[in-house]
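S.K.: query_32.cif is the file, holding mmCIF, C-alpha atoms:
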```
data_coords
#
loop_
_atom_site.label_atom_id
_atom_site.label_comp_id
_atom_site.auth_asym_id
_atom_site.auth_seq_id
_atom_site.Cartn_x
_atom_site.Cartn_y
_atom_site.Cartn_z
CA MET A 5 0.00 0.00 0.00
CA LYS A 6 1.28 3.41 -0.95
CA ILE A 7 1.57 6.40 1.38
CA HIS A 8 -1.11 8.33 -0.50
CA ASP A 9 -3.54 5.41 0.00
CA ILE A 10 -2.88 5.43 3.75
CA VAL A 11 -3.44 9.19 3.91
CA LEU A 12 -6.60 8.95 1.77
CA ILE A 13 -8.03 6.17 3.94
CA GLY A 14 -7.27 8.14 7.11
CA LEU A 15 -8.77 11.36 5.77
CA LEU A 16 -11.95 9.73 4.46
CA SER A 17 -12.37 7.73 7.68
CA ALA A 18 -12.08 10.99 9.63
CA LEU A 19 -14.54 12.69 7.27
CA THR A 20 -17.01 9.84 7.78
CA THR A 21 -16.68 10.05 11.56
CA ALA A 22 -17.07 13.84 11.49
CA GLY A 23 -20.13 13.54 9.23
CA LYS A 24 -21.71 11.05 11.60
CA LEU A 25 -21.02 13.28 14.60
CA ALA A 26 -22.37 16.37 12.81
CA LEU A 27 -25.74 14.70 12.28
CA SER A 28 -25.85 12.78 15.57
CA PHE A 29 -28.42 15.16 17.06
CA ILE A 30 -31.03 13.84 14.55
CA PRO A 31 -32.05 10.25 15.43
CA ASN A 32 -31.27 7.73 12.67
CA VAL A 33 -30.24 10.33 10.11
CA GLU A 34 -26.65 9.76 9.08
CA ILE A 35 -24.33 10.37 6.16
CA VAL A 36 -22.18 7.27 6.67
CA THR A 37 -24.23 5.15 4.27
CA LEU A 38 -23.92 7.78 1.54
CA PHE A 39 -20.17 8.04 2.07
CA PHE A 40 -19.56 4.27 1.98
CA ILE A 41 -21.62 3.86 -1.19
CA LEU A 42 -19.79 6.82 -2.73
CA PHE A 43 -16.40 5.44 -1.71
CA ALA A 44 -17.20 1.94 -3.01
CA VAL A 45 -18.25 3.35 -6.38
CA THR A 46 -15.36 5.81 -6.68
CA LEU A 47 -12.41 4.26 -4.84
CA GLY A 48 -13.03 0.56 -5.32
CA LEU A 49 -13.46 -2.32 -2.92
CA LYS A 50 -10.06 -2.47 -1.17
CA ARG A 51 -9.78 1.18 -0.15
CA SER A 52 -13.46 1.37 0.79
CA LEU A 53 -13.27 -1.73 2.98
CA LEU A 54 -10.28 -0.27 4.78
CA ILE A 55 -12.14 3.01 5.32
CA SER A 56 -15.11 1.11 6.79
CA LEU A 57 -12.82 -0.83 9.14
CA VAL A 58 -10.94 2.28 10.31
CA PHE A 59 -14.29 4.05 10.82
CA SER A 60 -15.57 1.14 12.93
CA ILE A 61 -12.42 1.12 15.06
CA VAL A 62 -12.66 4.88 15.63
CA GLU A 63 -16.31 4.41 16.69
CA ILE A 64 -15.15 1.89 19.30
CA LEU A 65 -12.58 4.37 20.58
CA LEU A 66 -15.26 7.06 20.84
CA TYR A 67 -18.15 5.03 22.27
CA GLY A 68 -16.57 2.03 23.96
CA PHE A 69 -16.84 -1.69 23.36
CA SER A 70 -20.19 -3.46 23.44
CA THR A 71 -22.28 -5.88 21.36
CA TRP A 72 -22.86 -3.25 18.66
CA VAL A 73 -19.20 -3.58 17.65
CA LEU A 74 -19.87 -6.92 15.95
CA GLY A 75 -22.70 -5.32 13.98
CA TYR A 76 -20.48 -2.48 12.78
CA PHE A 77 -17.78 -4.88 11.60
CA ILE A 78 -20.44 -6.75 9.63
CA ILE A 79 -22.76 -4.07 8.34
CA TRP A 80 -20.39 -1.41 7.00
CA PRO A 81 -18.08 -3.78 5.09
CA LEU A 82 -21.19 -5.58 3.80
CA LEU A 83 -22.56 -2.29 2.43
CA VAL A 84 -19.22 -1.57 0.76
CA ILE A 85 -19.14 -5.03 -0.84
CA VAL A 86 -22.73 -4.79 -2.10
CA ALA A 87 -22.25 -1.23 -3.42
CA SER A 88 -18.99 -2.19 -5.10
CA PHE A 89 -20.61 -5.21 -6.75
CA LEU A 90 -23.64 -3.20 -7.89
CA SER A 91 -21.59 -0.24 -9.14
CA LYS A 92 -21.26 -1.91 -12.53
CA ARG A 93 -25.04 -2.30 -12.80
CA ILE A 94 -26.39 0.90 -11.24
CA LYS A 95 -26.10 3.88 -13.57
CA THR A 96 -27.89 6.71 -11.69
CA GLU A 97 -28.17 8.13 -8.20
CA TYR A 98 -31.69 6.68 -8.00
CA GLY A 99 -30.31 3.16 -7.87
CA TYR A 100 -27.91 4.10 -5.10
CA ALA A 101 -30.72 5.89 -3.25
CA VAL A 102 -32.77 2.66 -3.35
CA LEU A 103 -29.74 0.71 -2.09
CA GLY A 104 -29.23 3.18 0.77
CA GLY A 105 -32.93 3.17 1.60
CA LEU A 106 -33.07 -0.63 1.76
CA PHE A 107 -29.87 -0.65 3.78
CA GLY A 108 -31.45 1.69 6.33
CA LEU A 109 -34.58 -0.46 6.51
CA PHE A 110 -32.56 -3.61 7.18
CA PHE A 111 -29.95 -1.99 9.44
CA GLY A 112 -31.82 -2.93 12.60
CA MET A 113 -32.34 -6.49 11.41
CA VAL A 114 -28.59 -7.07 11.14
CA PHE A 115 -28.12 -5.72 14.65
CA ALA A 116 -31.00 -7.91 15.84
CA LEU A 117 -29.11 -10.92 14.50
CA THR A 118 -25.94 -9.93 16.34
CA GLU A 119 -27.94 -9.28 19.52
CA SER A 120 -29.50 -12.75 19.10
CA PHE A 121 -26.02 -14.20 19.06
CA PHE A 122 -25.36 -12.75 22.53
CA TYR A 123 -28.79 -12.81 24.19
CA GLY A 124 -30.91 -15.31 22.28
CA PRO A 125 -33.43 -15.20 19.43
CA ALA A 126 -36.33 -13.83 21.50
CA TYR A 127 -34.28 -10.82 22.55
CA GLY A 128 -33.08 -10.28 18.99
CA PHE A 129 -36.62 -10.37 17.64
CA ALA A 130 -37.83 -7.93 20.30
CA TYR A 131 -34.85 -5.69 19.54
CA TRP A 132 -35.74 -5.66 15.84
CA VAL A 133 -39.47 -5.03 16.33
CA ASN A 134 -38.74 -2.27 18.84
CA GLY A 135 -36.57 -0.46 16.28
CA LEU A 136 -38.78 -0.74 13.18
CA VAL A 137 -39.85 2.92 13.28
CA PHE A 138 -36.21 3.99 13.57
CA ASP A 139 -35.32 1.71 10.64
CA LEU A 140 -38.05 3.34 8.57
CA ILE A 141 -36.67 6.80 9.40
CA HIS A 142 -33.17 5.53 8.64
CA GLY A 143 -34.22 4.13 5.26
CA VAL A 144 -36.16 7.21 4.17
CA SER A 145 -33.42 9.62 5.27
CA ASN A 146 -30.76 7.53 3.48
CA PHE A 147 -32.86 7.56 0.31
CA ILE A 148 -33.29 11.34 0.40
CA LEU A 149 -29.67 12.14 1.31
CA ILE A 150 -28.27 9.88 -1.39
CA LEU A 151 -30.70 11.16 -3.99
CA LEU A 152 -29.70 14.76 -3.25
CA LEU A 153 -25.98 14.45 -2.51
CA PHE A 154 -24.58 11.43 -4.37
CA LYS A 155 -24.09 13.08 -7.76
CA PRO A 156 -22.49 16.35 -6.55
CA LEU A 157 -20.25 14.56 -4.03
CA LYS A 158 -19.15 12.03 -6.65
CA LYS A 159 -18.23 14.88 -9.00
CA ILE A 160 -16.16 16.55 -6.25
CA LEU A 161 -14.47 13.31 -5.18
CA ASP A 162 -13.67 12.33 -8.78
CA SER A 163 -12.15 15.72 -9.54
CA GLN A 164 -10.01 15.68 -6.39
CA LEU A 165 -8.83 12.13 -6.99
CA MET A 166 -7.84 13.08 -10.55
CA ARG A 167 -6.15 16.25 -9.32
CA PHE A 168 -3.89 14.20 -7.04
CA ASN A 169 -3.52 11.27 -9.47
CA LEU A 170 -5.23 8.82 -7.12
CA ILE A 171 -7.43 7.12 -9.70
#
```
Represent the structure contained in this file as structure tokens.
M.R.:
Amino acid sequence: MKIHDIVLIGLLSALTTAGKLALSFIPNVEIVTLFFILFAVTLGLKRSLLISLVFSIVEILLYGFSTWVLGYFIIWPLLVIVASFLSKRIKTEYGYAVLGGLFGLFFGMVFALTESFFYGPAYGFAYWVNGLVFDLIHGVSNFILILLLFKPLKKILDSQLMRFNLI
């Protein structure tokens, strides 16, 4: 791995963390999903996976270690892999908005599965049902944010990556 890749991964991980913190006062509205889809499409699988892992580790440093850690190490890399795979098929921001919306809707389900691993299936199911309204908010907000911001952010990221010869 080259020095510029390490710097890029660090900067974009920090940007993702800062974006999450900036919107943390609004429940289940986040920009992380948009960023990881954008990174997967623009930077490719390897760099994007590393960004998702660094982001997850920084989240542990900020919020401590608990059962949610397993979910973060599953869900964010999974989003990057799916977005990277679909990037050859999806041609517009609408497709990515649908992906982000579905991701938000199923976010709680993945965490319910990890909670089931620790506390049993009944707890996991209750956890999932309890969070369905939040998942709906998460899905709708992801859809709207990606629909509005994906195209302009991709243009900016592409131009900066070309400027510094990183793509």
S.K.: From the set A:Ala126, A:Leu165, A:Leu117, A:Leu152, which residue has the shortest atom-to-atom contact distance to Thr71 in chain A, counting all atoms listed in the file?
M.R.: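 When distances to Thr71 in chain A are compared using all atoms listed in the file, the smallest one comes from A:Leu117.
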S.K.: For this structure, which residues satisfy the selection - the PyMOL selection byres ((chain A and resi 18) around 12) - when it is evaluated on the file as given? I want them as number ranges by chain.
M.R.: A: 11-17, 19-25, 36, 39, 55-63
S.K.: Once you have the residues from the selection above, write them out as an mmCIF file, in the coordinates of the input, restricted to C-alpha atoms.
M.R.:
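What follows is the written file result-v7.cif:
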```cif
data_model
loop_
_atom_site.group_PDB
_atom_site.id
_atom_site.type_symbol
_atom_site.label_atom_id
_atom_site.label_comp_id
_atom_site.auth_asym_id
_atom_site.auth_seq_id
_atom_site.Cartn_x
_atom_site.Cartn_y
_atom_site.Cartn_z
ATOM 1 C CA VAL A 11 -3.440 9.190 3.910
ATOM 2 C CA LEU A 12 -6.600 8.950 1.770
ATOM 3 C CA ILE A 13 -8.030 6.170 3.940
ATOM 4 C CA GLY A 14 -7.270 8.140 7.110
ATOM 5 C CA LEU A 15 -8.770 11.360 5.770
ATOM 6 C CA LEU A 16 -11.950 9.730 4.460
ATOM 7 C CA SER A 17 -12.370 7.730 7.680
ATOM 8 C CA LEU A 19 -14.540 12.690 7.270
ATOM 9 C CA THR A 20 -17.010 9.840 7.780
ATOM 10 C CA THR A 21 -16.680 10.050 11.560
ATOM 11 C CA ALA A 22 -17.070 13.840 11.490
ATOM 12 C CA GLY A 23 -20.130 13.540 9.230
ATOM 13 C CA LYS A 24 -21.710 11.050 11.600
ATOM 14 C CA LEU A 25 -21.020 13.280 14.600
ATOM 15 C CA VAL A 36 -22.180 7.270 6.670
ATOM 16 C CA PHE A 39 -20.170 8.040 2.070
ATOM 17 C CA ILE A 55 -12.140 3.010 5.320
ATOM 18 C CA SER A 56 -15.110 1.110 6.790
ATOM 19 C CA LEU A 57 -12.820 -0.830 9.140
ATOM 20 C CA VAL A 58 -10.940 2.280 10.310
ATOM 21 C CA PHE A 59 -14.290 4.050 10.820
ATOM 22 C CA SER A 60 -15.570 1.140 12.930
ATOM 23 C CA ILE A 61 -12.420 1.120 15.060
ATOM 24 C CA VAL A 62 -12.660 4.880 15.630
ATOM 25 C CA GLU A 63 -16.310 4.410 16.690
#
```
S.K.: Please provide as a list of chain:residue names all residues within 10 Å of Phe168 in chain A, with the sequence filter that same-chain residues fewer than 4 positions apart are discarded (counting all atoms listed in the file).
M.R.: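 Contacts, with the query itself left out: A:His8, A:Ser163, A:Gln164.
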S.K.: For Leu82 in chain A, which residue among A:Ala26, A:Asp162, A:Leu66, A:Ser52 is the nearest when counting all atoms listed in the file?
M.R.: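 Comparing A:Ala26, A:Asp162, A:Leu66, A:Ser52 against Leu82 in chain A, the winner is A:Ser52.
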S.K.: Can you tell me, as a ChimeraX atom specification, what residues are no more than 12 Å from Ile78 in chain A when counting only C-alpha atoms, ignoring any on the same chain fewer than 2 positions away?
M.R.: /A:53,56-57,60,71-76,80-85,111,114-115,117-118
S.K.: Residues of range 7-62 of chain A that approach range 93-105 of chain A to 9 Å or less, counting only C-alpha atoms: could you list each one with the shortest pair of atoms and its distance in Å to one decimal, rows by chain and increasing residue number, as a tab-separated table?
M.R.:
```
residue	atom	partner	partner_atom	distance
A:Thr37	CA	A:Gly104	CA	6.4
A:Leu38	CA	A:Gly104	CA	7.1
A:Ile41	CA	A:Tyr100	CA	7.4
A:Leu42	CA	A:Tyr100	CA	8.9
```
S.K.: Can I get the selected residues back with C-alpha atoms, as a PDB file, in the frame of the given file?
M.R.:
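To be explicit, this is the file written out as part20.pdb:
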```pdb
ATOM      1  CA  THR A  37     -24.230   5.150   4.270  1.00  0.00           C
ATOM      2  CA  LEU A  38     -23.920   7.780   1.540  1.00  0.00           C
ATOM      3  CA  ILE A  41     -21.620   3.860  -1.190  1.00  0.00           C
ATOM      4  CA  LEU A  42     -19.790   6.820  -2.730  1.00  0.00           C
TER       5      LEU A  42
END
```
S.K.: Nearest to Trp132 in chain A: which of A:Phe43, A:Leu90, A:Glu119, A:Pro31 is it, counting all atoms listed in the file?
M.R.: A:Glu119
S.K.: Measure the distance from CA of Lys6 in chain A to CA of Thr46 in chain A in Å and round it to one decimal.
M.R.: 17.8 Å
S.K.: Distance CA of Ser145 in chain A-CA of Gly68 in chain A, one decimal place?
M.R.: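 These atoms are spaced 26.3 Å apart.
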S.K.: Tell me, in Å to one decimal, how far CA of Gly143 in chain A is from CA of Phe110 in chain A.
M.R.: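 Value for the CA of Gly143 in chain A-CA of Phe110 in chain A distance: 8.1 Å.
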S.K.: Compile the contact shell of Leu109 in chain A as a ChimeraX atom specification: residues with an atom at most 10 Å away, counting only C-alpha atoms, same-chain residues fewer than 3 positions apart removed.
M.R.: /A:103-106,112-113,135-144,146
S.K.: Using all atoms listed in the file, which of A:Leu153, A:Leu47, A:Leu54, A:Leu65 sits nearest Ala87 in chain A?
M.R.: A:Leu47
